[in-house]
Amino acid sequence: MGFYYENGELVADGVKVRDIVEEVGTPVYIYSKKHFVEQFKRFSGAFKREHLVCFAVKANSNLAVINTFAKLGAGADIVSKGELFRALKAGIEPKKIVFSGVAKTEGEIEYALSNGIFMFNVESKDELYTINSVAKRVEKRVEKRAPISFRINPDVDPKTHPYISTGLKKNKFGVPYNEALELYLEAEKLDGVEIVGVQFHIGSQLLDTTPIYDASLRIAELIRELEKRGVSVSVVDVGGGVGIVYNEEEDKEPSLDEYARQVESAFEGFDVKLVFEPGRFLVGNGGILVSRVVYHKTNVNKKFMIVDAGMNDLLRPSLYNAYHKIEPVVKKGREKVVCDIVGPICETGDFFARDYEIEDVENGECIAVFSAGAYGFTMASNYNSRPKPAEVLVEDGSFRVVRKRETLDDLIRGETL
Ligand code: LLP
């Protein structure tokens, strides 16, 4: 399943990566549909209770990828009008879409309301009032209140990279735990909204899910308090955050079974539907970025392998100092070198790996950057006026381009002299 070597050649579910590159060129993202499907089944299959898996579209927004999950019955977690547009185009049922994010605008709220989404995860009092007034304004058209959950900030340390921690007091996300009760009571009085649940998401790439369990216990306590005051919720949205293995030598995949038991036990006895918003877990290891070596150079003692993909194509190493395994597309038992693998962007931060040991791949040959299926293409930009790479989906032993490589004309679309 996914990506593996056969006689030294990197293969994606039966298709040689070299063959894809020959036809599509580089840089190119290659995805394994099989991996996506199996991860979804593993994730969903871990739970005994009724639940809904809403794929976090920000991890990989390609229509073919979202559609893969739509066909498996998934919903979507979206954070913008654009992501909602994509989710709908890809066939996700509106009734399965949850809308997260700290800055939903009136236009976005109206668009989501008129499409009849499942719920808004409200992140502030200001937002509550905006949703209420937009709902009242468009009520006649949609004939219903806006379904809401509050995103609660449980102040639990997820023990992950600070840039992807979200559930600490100092983070901008959610409403403070101590103010939640009052907000629910306030929301009850508004006639444009209907309280359906409670949501939390404490961070991403958690290799130990115990912080999610700790947060769940706090949320369960809040629900008890709400019930005492006559406010009932029917949905608990646990967010995403389950991590994946980037570095086989250091990372250990969290136990899905343990995660499921933790969450289910925290909410045992509550008559609620569980919602999950996994992104990375479903797609991260189902994608690679393939790039061609352009040049080698040595500055004094430092060796560089310069490739044709850059931080604009895959930002994670530059932004988070994230580790991504890198291997030659064709292994030939070449001598190994220790080098920095860098891109063409005019930034010192433009690297995929530093002091990295790899077979000394010749100029013109390709390398693969692994674990690039999540937050890879979605974080790509046109910096240095570089057209975004193509995306390819491997499915049933063949491949197809699911997003064309951008052209020079794409780069200037909408601009005038
Ligand atoms: N739900 C909410 C409300 C979120 O903010 C996120 C991710 C998810 C779900 C999905 O989390 P996941 O299951 O993928 O961990 N660009 C960063 C990751 C940012 C995550 C932002 N929120 C990276 O490349 O590591």
# chains A, B, ... in the order shown; residues from 1 in each chain; ligands from 1

$ residues_near_ligand --ligand "ligand 1" --cutoff "7 Å" --atoms "only C-alpha atoms and all ligand atoms" --output "list in words"
Ala56, Ala59, Asp77, Ser100, Gly101, Ile164, His201, Gly203, Ser204, Gln205, Gly239, Gly240, Gly241, Val242, Gly243, Glu277, Pro278, Gly279, Arg280, Phe281, Arg316, Ala374 and Tyr375 of chain A

$ write_last_selection --atoms "N, CA, C and O atoms" --output "PDB file, in the first residue's frame"
ATOM      1  N   ALA A  56     -10.488  17.097   7.336  1.00  0.00           N
ATOM      2  CA  ALA A  56     -10.025  18.492   7.413  1.00  0.00           C
ATOM      3  C   ALA A  56      -9.425  18.872   6.060  1.00  0.00           C
ATOM      4  O   ALA A  56      -8.280  18.528   5.734  1.00  0.00           O
ATOM      5  N   ALA A  59      -5.831  20.046   4.898  1.00  0.00           N
ATOM      6  CA  ALA A  59      -4.666  19.166   4.766  1.00  0.00           C
ATOM      7  C   ALA A  59      -4.389  18.831   3.300  1.00  0.00           C
ATOM      8  O   ALA A  59      -3.225  18.732   2.879  1.00  0.00           O
ATOM      9  N   ASP A  77     -14.392  19.167   7.315  1.00  0.00           N
ATOM     10  CA  ASP A  77     -14.140  20.287   8.217  1.00  0.00           C
ATOM     11  C   ASP A  77     -13.532  21.371   7.341  1.00  0.00           C
ATOM     12  O   ASP A  77     -12.495  21.153   6.720  1.00  0.00           O
ATOM     13  N   SER A 100     -15.115  25.582  10.760  1.00  0.00           N
ATOM     14  CA  SER A 100     -14.230  26.058  11.825  1.00  0.00           C
ATOM     15  C   SER A 100     -13.560  27.363  11.396  1.00  0.00           C
ATOM     16  O   SER A 100     -13.689  27.780  10.248  1.00  0.00           O
ATOM     17  N   GLY A 101     -12.814  27.960  12.314  1.00  0.00           N
ATOM     18  CA  GLY A 101     -12.027  29.149  11.956  1.00  0.00           C
ATOM     19  C   GLY A 101     -12.402  30.367  12.762  1.00  0.00           C
ATOM     20  O   GLY A 101     -13.574  30.566  13.092  1.00  0.00           O
ATOM     21  N   ILE A 164       1.717  24.723  15.779  1.00  0.00           N
ATOM     22  CA  ILE A 164       0.508  23.939  15.513  1.00  0.00           C
ATOM     23  C   ILE A 164      -0.172  23.502  16.806  1.00  0.00           C
ATOM     24  O   ILE A 164      -0.969  22.579  16.830  1.00  0.00           O
ATOM     25  N   HIS A 201     -10.253  21.438  19.627  1.00  0.00           N
ATOM     26  CA  HIS A 201      -9.143  20.921  18.799  1.00  0.00           C
ATOM     27  C   HIS A 201      -7.895  21.531  19.405  1.00  0.00           C
ATOM     28  O   HIS A 201      -7.737  22.744  19.378  1.00  0.00           O
ATOM     29  N   GLY A 203      -4.531  20.775  18.863  1.00  0.00           N
ATOM     30  CA  GLY A 203      -3.260  20.871  18.140  1.00  0.00           C
ATOM     31  C   GLY A 203      -3.136  19.754  17.130  1.00  0.00           C
ATOM     32  O   GLY A 203      -4.002  18.878  17.042  1.00  0.00           O
ATOM     33  N   SER A 204      -2.045  19.810  16.388  1.00  0.00           N
ATOM     34  CA  SER A 204      -1.868  18.901  15.270  1.00  0.00           C
ATOM     35  C   SER A 204      -0.600  18.066  15.462  1.00  0.00           C
ATOM     36  O   SER A 204       0.287  18.448  16.230  1.00  0.00           O
ATOM     37  N   GLN A 205      -0.530  16.958  14.743  1.00  0.00           N
ATOM     38  CA  GLN A 205       0.627  16.049  14.815  1.00  0.00           C
ATOM     39  C   GLN A 205       0.903  15.602  16.252  1.00  0.00           C
ATOM     40  O   GLN A 205       2.023  15.675  16.762  1.00  0.00           O
ATOM     41  N   GLY A 239     -12.356  17.416  17.078  1.00  0.00           N
ATOM     42  CA  GLY A 239     -11.294  18.015  16.271  1.00  0.00           C
ATOM     43  C   GLY A 239     -10.426  16.957  15.606  1.00  0.00           C
ATOM     44  O   GLY A 239     -10.812  15.787  15.501  1.00  0.00           O
ATOM     45  N   GLY A 240      -9.247  17.376  15.191  1.00  0.00           N
ATOM     46  CA  GLY A 240      -8.322  16.434  14.543  1.00  0.00           C
ATOM     47  C   GLY A 240      -7.082  16.269  15.395  1.00  0.00           C
ATOM     48  O   GLY A 240      -7.178  16.258  16.616  1.00  0.00           O
ATOM     49  N   GLY A 241      -5.941  16.154  14.749  1.00  0.00           N
ATOM     50  CA  GLY A 241      -4.687  16.191  15.494  1.00  0.00           C
ATOM     51  C   GLY A 241      -3.909  14.901  15.609  1.00  0.00           C
ATOM     52  O   GLY A 241      -2.768  14.913  16.062  1.00  0.00           O
ATOM     53  N   VAL A 242      -4.524  13.766  15.235  1.00  0.00           N
ATOM     54  CA  VAL A 242      -3.802  12.495  15.383  1.00  0.00           C
ATOM     55  C   VAL A 242      -2.596  12.492  14.431  1.00  0.00           C
ATOM     56  O   VAL A 242      -2.727  12.755  13.236  1.00  0.00           O
ATOM     57  N   GLY A 243      -1.440  12.217  14.980  1.00  0.00           N
ATOM     58  CA  GLY A 243      -0.193  12.352  14.223  1.00  0.00           C
ATOM     59  C   GLY A 243       0.150  11.150  13.364  1.00  0.00           C
ATOM     60  O   GLY A 243      -0.489  10.101  13.429  1.00  0.00           O
ATOM     61  N   GLU A 277     -12.307  15.426  13.144  1.00  0.00           N
ATOM     62  CA  GLU A 277     -11.834  16.258  12.029  1.00  0.00           C
ATOM     63  C   GLU A 277     -10.393  15.914  11.645  1.00  0.00           C
ATOM     64  O   GLU A 277      -9.516  16.776  11.654  1.00  0.00           O
ATOM     65  N   PRO A 278     -10.103  14.673  11.323  1.00  0.00           N
ATOM     66  CA  PRO A 278      -8.715  14.329  10.994  1.00  0.00           C
ATOM     67  C   PRO A 278      -8.321  14.855   9.616  1.00  0.00           C
ATOM     68  O   PRO A 278      -9.130  14.861   8.685  1.00  0.00           O
ATOM     69  N   GLY A 279      -7.117  15.334   9.517  1.00  0.00           N
ATOM     70  CA  GLY A 279      -6.575  15.759   8.228  1.00  0.00           C
ATOM     71  C   GLY A 279      -5.333  14.930   7.933  1.00  0.00           C
ATOM     72  O   GLY A 279      -5.355  13.982   7.165  1.00  0.00           O
ATOM     73  N   ARG A 280      -4.271  15.285   8.636  1.00  0.00           N
ATOM     74  CA  ARG A 280      -2.961  14.664   8.395  1.00  0.00           C
ATOM     75  C   ARG A 280      -3.005  13.133   8.434  1.00  0.00           C
ATOM     76  O   ARG A 280      -2.408  12.474   7.594  1.00  0.00           O
ATOM     77  N   PHE A 281      -3.745  12.589   9.425  1.00  0.00           N
ATOM     78  CA  PHE A 281      -3.750  11.133   9.575  1.00  0.00           C
ATOM     79  C   PHE A 281      -4.277  10.449   8.307  1.00  0.00           C
ATOM     80  O   PHE A 281      -3.814   9.377   7.930  1.00  0.00           O
ATOM     81  N   ARG A 316       6.767  22.959   4.707  1.00  0.00           N
ATOM     82  CA  ARG A 316       6.908  22.440   6.078  1.00  0.00           C
ATOM     83  C   ARG A 316       8.338  22.458   6.641  1.00  0.00           C
ATOM     84  O   ARG A 316       8.529  22.867   7.784  1.00  0.00           O
ATOM     85  N   ALA A 374      -0.108  15.702   3.304  1.00  0.00           N
ATOM     86  CA  ALA A 374      -0.862  16.667   4.125  1.00  0.00           C
ATOM     87  C   ALA A 374      -0.073  17.959   4.241  1.00  0.00           C
ATOM     88  O   ALA A 374       1.134  17.930   4.501  1.00  0.00           O
ATOM     89  N   TYR A 375      -0.751  19.074   4.076  1.00  0.00           N
ATOM     90  CA  TYR A 375      -0.141  20.401   4.216  1.00  0.00           C
ATOM     91  C   TYR A 375       1.054  20.551   3.273  1.00  0.00           C
ATOM     92  O   TYR A 375       2.052  21.177   3.607  1.00  0.00           O
TER      93      TYR A 375
END

$ residues_around --residues "Ala70 of chain A" --least-positions-apart "2" --cutoff "10 Å" --atoms "only C-alpha atoms" --output "short mmCIF file (atom, residue, chain, number, x, y, z; two decimals) with N, CA and C atoms, in the first residue's frame"
data_model
loop_
_atom_site.label_atom_id
_atom_site.label_comp_id
_atom_site.auth_asym_id
_atom_site.auth_seq_id
_atom_site.Cartn_x
_atom_site.Cartn_y
_atom_site.Cartn_z
N CYS A 54 -15.16 14.02 9.63
CA CYS A 54 -15.15 15.17 8.72
C CYS A 54 -13.70 15.45 8.32
N PHE A 55 -13.35 15.12 7.10
CA PHE A 55 -11.97 15.31 6.63
C PHE A 55 -11.60 16.79 6.68
N ALA A 64 -10.16 15.58 -6.24
CA ALA A 64 -10.16 14.11 -6.33
C ALA A 64 -9.92 13.48 -4.97
N VAL A 65 -9.15 14.16 -4.15
CA VAL A 65 -8.86 13.64 -2.80
C VAL A 65 -10.09 13.78 -1.93
N ILE A 66 -10.70 14.97 -1.95
CA ILE A 66 -11.91 15.17 -1.14
C ILE A 66 -13.00 14.19 -1.60
N ASN A 67 -13.10 14.03 -2.91
CA ASN A 67 -14.12 13.12 -3.46
C ASN A 67 -13.91 11.67 -3.01
N THR A 68 -12.64 11.29 -2.85
CA THR A 68 -12.34 9.93 -2.36
C THR A 68 -13.01 9.73 -1.00
N LEU A 72 -16.65 7.64 0.64
CA LEU A 72 -16.60 6.74 1.79
C LEU A 72 -17.58 7.18 2.88
N GLY A 73 -18.33 8.26 2.59
CA GLY A 73 -19.33 8.72 3.56
C GLY A 73 -18.83 9.82 4.47
N ALA A 74 -17.63 10.32 4.19
CA ALA A 74 -17.06 11.34 5.07
C ALA A 74 -17.77 12.68 4.92
N GLY A 75 -17.67 13.49 5.97
CA GLY A 75 -18.04 14.88 5.90
C GLY A 75 -16.76 15.68 5.72
N ALA A 76 -16.86 17.01 5.91
CA ALA A 76 -15.67 17.84 5.78
C ALA A 76 -15.63 18.89 6.87
N ALA A 87 -15.43 21.52 -1.13
CA ALA A 87 -16.06 20.34 -0.52
C ALA A 87 -17.37 20.02 -1.24
N LEU A 88 -18.15 21.06 -1.56
CA LEU A 88 -19.42 20.84 -2.25
C LEU A 88 -19.17 20.31 -3.66
N ALA A 90 -16.77 18.62 -4.63
CA ALA A 90 -16.23 17.26 -4.57
C ALA A 90 -17.27 16.25 -4.10
N GLY A 91 -18.47 16.73 -3.80
CA GLY A 91 -19.55 15.80 -3.48
C GLY A 91 -19.76 15.50 -2.01
N ILE A 92 -19.21 16.34 -1.13
CA ILE A 92 -19.50 16.15 0.31
C ILE A 92 -20.92 16.67 0.57
N GLU A 93 -21.70 15.90 1.31
CA GLU A 93 -23.06 16.36 1.62
C GLU A 93 -23.00 17.55 2.57
N LYS A 96 -23.04 17.28 6.28
CA LYS A 96 -21.88 16.68 6.96
C LYS A 96 -20.70 17.66 7.02
#

$ closest_residue --among "A:Lys297, A:His161, A:Arg292, A:Lys303" --to "Leu319 of chain A" --atoms "only C-alpha atoms"
A:His161

$ closest_residue --among "A:Ala103, A:Leu168, A:Ala368, A:Ala146" --to "Gly192 of chain A" --atoms "only C-alpha atoms"
A:Ala146

$ residues_around --residues "segment 5-22 of chain A" --least-positions-apart "2" --cutoff "6 Å" --atoms "only C-alpha atoms" --output "PyMOL selection string"
chain A and resi 1-3+24-25+329-331+397

$ select_by_dssp --residues "segment 119-284 of chain A" --states "helix (DSSP H, G or I)" --output "PyMOL selection string"
chain A and resi 125-142+162-164+177-188+210-228+256-266+280-284

$ closest_residue --among "A:Leu408, A:Ile288, A:Leu185, A:Cys366" --to "Tyr4 of chain A" --atoms "only C-alpha atoms"
A:Ile288

$ residues_around --residues "segment 383-385 of chain A" --least-positions-apart "6" --cutoff "12 Å" --atoms "only C-alpha atoms" --output "list in words"
Ala309, Gly310, Met311, Asn312, Asp313, Leu314, Leu315, Gly343, Pro344, Ile345, Cys346, Glu347, Asp350, Glu406, Thr407, Leu408, Asp409, Asp410, Leu411 and Ile412 of chain A

$ residues_around --residues "segment 172-176 of chain A" --least-positions-apart "3" --cutoff "6 Å" --atoms "only C-alpha atoms" --output "PyMOL selection string"
chain A and resi 123-124+151-153+179

$ atom_distance --atom1 "atom CA of Lys48 of chain A" --atom2 "atom CA of Tyr184 of chain A"
29.1 Å

$ select_by_dssp --residues "segment 298-349 of chain A" --states "strand (DSSP E or B)" --output "VMD selection string"
chain A and resid 298 to 299 302 to 307 326 to 328 330 336 to 342

$ atom_distance --atom1 "atom CA of Ser234 of chain A" --atom2 "atom CA of Val138 of chain A"
24.7 Å

$ residues_around --residues "Leu274 of chain A" --least-positions-apart "4" --cutoff "6 Å" --atoms "only C-alpha atoms" --output "list of chain:residue names"
A:His51, A:Val235, A:Val236, A:Asp237

$ write_last_selection --atoms "N, CA, C and O atoms" --output "short mmCIF file (atom, residue, chain, number, x, y, z; two decimals), in the first residue's frame"
data_model
loop_
_atom_site.label_atom_id
_atom_site.label_comp_id
_atom_site.auth_asym_id
_atom_site.auth_seq_id
_atom_site.Cartn_x
_atom_site.Cartn_y
_atom_site.Cartn_z
N HIS A 51 -20.56 7.90 14.92
CA HIS A 51 -19.67 9.05 14.75
C HIS A 51 -19.67 9.50 13.29
O HIS A 51 -20.15 8.78 12.41
N VAL A 235 -24.00 16.92 20.01
CA VAL A 235 -22.79 16.64 19.23
C VAL A 235 -21.56 17.02 20.03
O VAL A 235 -21.53 18.09 20.66
N VAL A 236 -20.56 16.14 20.03
CA VAL A 236 -19.24 16.52 20.56
C VAL A 236 -18.24 16.33 19.43
O VAL A 236 -18.07 15.22 18.89
N ASP A 237 -17.61 17.43 19.04
CA ASP A 237 -16.63 17.41 17.95
C ASP A 237 -15.24 17.49 18.57
O ASP A 237 -14.87 18.49 19.19
#

$ atom_distance --atom1 "atom CA of Val361 of chain A" --atom2 "atom CA of Val290 of chain A"
13.1 Å

$ closest_residue --among "A:Glu227, A:Lys34, A:Val275, A:Ser255" --to "Ile97 of chain A" --atoms "only C-alpha atoms"
A:Val275
